[in-house]
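Asker: Let me begin by handing over the structure; questions about it come next.
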Amino acid sequence: MALILLTGPTSEPVTLDEAKTHLRVDIDEDDDLIEALVATAREHLETISRPRVAMVEQTWRYVADEWPPSSKLELRPYPLRSVESISYTDAAGAATAVSSGDYIVDTTSRPGRVVMRNGWPAATLREINGLAIEFKAGYGTDAAAVPLPLRQAVLLLTSHWYETREPVLTSGAVGKEIPLTVKALFASWRQDV
């Protein structure tokens, strides 16, 4: 099983102006750095979340070597917005698209899921990556749709990385990791599965 990001977000959960206001930066020379830090903070927070979260809409492909054991398949990252297509390649190499009438998409559950109405097809999948599901995940297409605690976590982590260009702050012999405020804000989006 693998998850492949096909199309990343077209915007970030925090705008450059919001980040600069939060950082109290009024020069333009650091704009590229700040935008890179915002994107990196978003991607880092999405990656460490459990189940994985997508802040702004992204397109993903789930691939698997075998049919799922159940007719219900959870799709991550969360929240699931839509399933664009389900297809499979059989052992003979023939590709087949599954009709959207053959499955139900659950965008309410966390994580979202696809449910096959009559189970998975009876075909034997090719040895590797025989099943492919393309789907969209994220809260929306722009920053306004992203929950405020997630946006604040991106701002705080961006600020931390902007102010501290080293991976660990040291004060004497004691080192500090990412500020607790970021972890606390992000805790409700993290579940160990």
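Identifiers in this document derive from the order of the structure tokens: chains are assigned A, B, ..., residues are numbered from 1 separately in each chain, and ligands are numbered from 1 in order of occurrence.
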Report as CSV the residues of segment 7-85 of chain A within 6 Å of segment 114-133 of chain A, each with its shortest atom pair and distance in Å (one decimal), using only C-alpha atoms, ordered by chain and increasing residue number.
Answerer:
residue,atom,partner,partner_atom,distance
A:Arg61,CA,A:Ile133,CA,5.5
A:Tyr62,CA,A:Ile133,CA,5.1
A:Val63,CA,A:Ala132,CA,4.5
A:Ala64,CA,A:Asn129,CA,4.8
A:Asp65,CA,A:Asn129,CA,4.6
A:Ser71,CA,A:Gly119,CA,5.0
A:Lys72,CA,A:Val115,CA,4.4
A:Leu73,CA,A:Val114,CA,5.4
A:Ser85,CA,A:Ile133,CA,5.7
Asker: Suppose we keep C-alpha atoms; can you now write the selection as a PDB file, in the first residue's frame?
Answerer:
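The file below, out.pdb, is the result:
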ATOM      1  CA  ARG A  61      -3.595   8.342  -5.099  1.00  0.00           C
ATOM      2  CA  TYR A  62      -3.910   5.259  -2.907  1.00  0.00           C
ATOM      3  CA  VAL A  63      -2.379   2.153  -4.481  1.00  0.00           C
ATOM      4  CA  ALA A  64      -2.382  -1.421  -3.198  1.00  0.00           C
ATOM      5  CA  ASP A  65      -1.177  -4.836  -4.306  1.00  0.00           C
ATOM      6  CA  SER A  71     -15.672  -3.654   1.599  1.00  0.00           C
ATOM      7  CA  LYS A  72     -14.916  -0.518   3.663  1.00  0.00           C
ATOM      8  CA  LEU A  73     -11.594   1.228   3.064  1.00  0.00           C
ATOM      9  CA  SER A  85     -11.895   7.430  -9.429  1.00  0.00           C
TER      10      SER A  85
END
Asker: Name all residues at most 12 Å from Ser159 of chain A (count only C-alpha atoms; drop same-chain ones fewer than 2 positions away) and give them as a PDB file with C-alpha atoms, in the first residue's frame.
Answerer:
ATOM      1  CA  GLU A  18      -0.601  36.911   7.926  1.00  0.00           C
ATOM      2  CA  ALA A  19       2.781  35.303   8.538  1.00  0.00           C
ATOM      3  CA  LYS A  20       4.615  38.645   8.299  1.00  0.00           C
ATOM      4  CA  THR A  21       2.129  40.242  10.711  1.00  0.00           C
ATOM      5  CA  HIS A  22       2.591  37.351  13.140  1.00  0.00           C
ATOM      6  CA  LEU A  23       6.383  37.617  12.807  1.00  0.00           C
ATOM      7  CA  ARG A  24       6.278  41.435  13.021  1.00  0.00           C
ATOM      8  CA  VAL A  25       8.330  41.621   9.830  1.00  0.00           C
ATOM      9  CA  LEU A  33      12.063  32.531   3.231  1.00  0.00           C
ATOM     10  CA  ILE A  34       8.792  33.157   5.078  1.00  0.00           C
ATOM     11  CA  GLU A  35       6.720  31.549   2.309  1.00  0.00           C
ATOM     12  CA  LEU A  37       8.751  28.262   6.137  1.00  0.00           C
ATOM     13  CA  VAL A  38       4.935  28.432   5.989  1.00  0.00           C
ATOM     14  CA  THR A  40       7.322  23.552   5.337  1.00  0.00           C
ATOM     15  CA  ALA A  41       5.435  24.076   8.609  1.00  0.00           C
ATOM     16  CA  GLN A 152      -2.250  29.052  14.437  1.00  0.00           C
ATOM     17  CA  ALA A 153      -0.001  25.981  14.676  1.00  0.00           C
ATOM     18  CA  VAL A 154       1.447  26.825  11.238  1.00  0.00           C
ATOM     19  CA  LEU A 155       2.071  30.427  12.369  1.00  0.00           C
ATOM     20  CA  LEU A 156       3.753  29.361  15.597  1.00  0.00           C
ATOM     21  CA  LEU A 157       5.986  26.803  13.920  1.00  0.00           C
ATOM     22  CA  TRP A 161      11.808  28.383  12.598  1.00  0.00           C
ATOM     23  CA  TYR A 162      12.179  32.024  11.501  1.00  0.00           C
ATOM     24  CA  GLU A 163      13.571  33.102  14.864  1.00  0.00           C
ATOM     25  CA  THR A 164      15.603  29.951  15.515  1.00  0.00           C
ATOM     26  CA  ARG A 165      17.612  28.842  12.510  1.00  0.00           C
ATOM     27  CA  ILE A 178       9.376  22.619  19.032  1.00  0.00           C
ATOM     28  CA  PRO A 179       7.410  24.871  21.406  1.00  0.00           C
ATOM     29  CA  THR A 181       2.095  25.479  22.114  1.00  0.00           C
ATOM     30  CA  VAL A 182       2.375  23.973  18.628  1.00  0.00           C
TER      31      VAL A 182
END
Asker: As a VMD selection string, please: every residue in segment 4-192 of chain A that a backbone DSSP assignment puts in strand (DSSP E or B).
Answerer: chain A and resid 4 to 7 53 58 to 64 72 to 75 78 80 to 90 95 to 97 103 to 106 112 to 116 125 131 to 137 169 to 171 174 to 176
Asker: Mind the document's chain letters and residue numbers, and return as a ChimeraX atom specification the residues of segment 45-98 of chain A that DSSP labels helix (DSSP H, G or I).
Answerer: /A:45-48
Asker: Generate a file of the selected residues that holds N, CA and C atoms, formatted as an mmCIF file, in the first residue's frame.
Answerer:
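The resulting file, again11.cif, is reproduced below:
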data_model
loop_
_atom_site.group_PDB
_atom_site.id
_atom_site.type_symbol
_atom_site.label_atom_id
_atom_site.label_comp_id
_atom_site.auth_asym_id
_atom_site.auth_seq_id
_atom_site.Cartn_x
_atom_site.Cartn_y
_atom_site.Cartn_z
ATOM 1 N N LEU A 45 3.390 19.568 9.804
ATOM 2 C CA LEU A 45 2.258 19.317 10.689
ATOM 3 C C LEU A 45 1.296 18.305 10.073
ATOM 4 N N GLU A 46 1.105 18.371 8.759
ATOM 5 C CA GLU A 46 0.259 17.371 8.098
ATOM 6 C C GLU A 46 0.865 15.975 8.242
ATOM 7 N N THR A 47 2.159 15.883 8.102
ATOM 8 C CA THR A 47 2.842 14.598 8.137
ATOM 9 C C THR A 47 2.803 13.952 9.514
ATOM 10 N N ILE A 48 2.938 14.748 10.583
ATOM 11 C CA ILE A 48 2.970 14.169 11.930
ATOM 12 C C ILE A 48 1.585 13.904 12.502
#
Asker: Would you mind listing what lies within 10 Å of Pro147 of chain A as a PyMOL selection string, with only C-alpha atoms counted and same-chain residues fewer than 4 positions away left out?
Answerer: chain A and resi 13+55+139+143+151-152
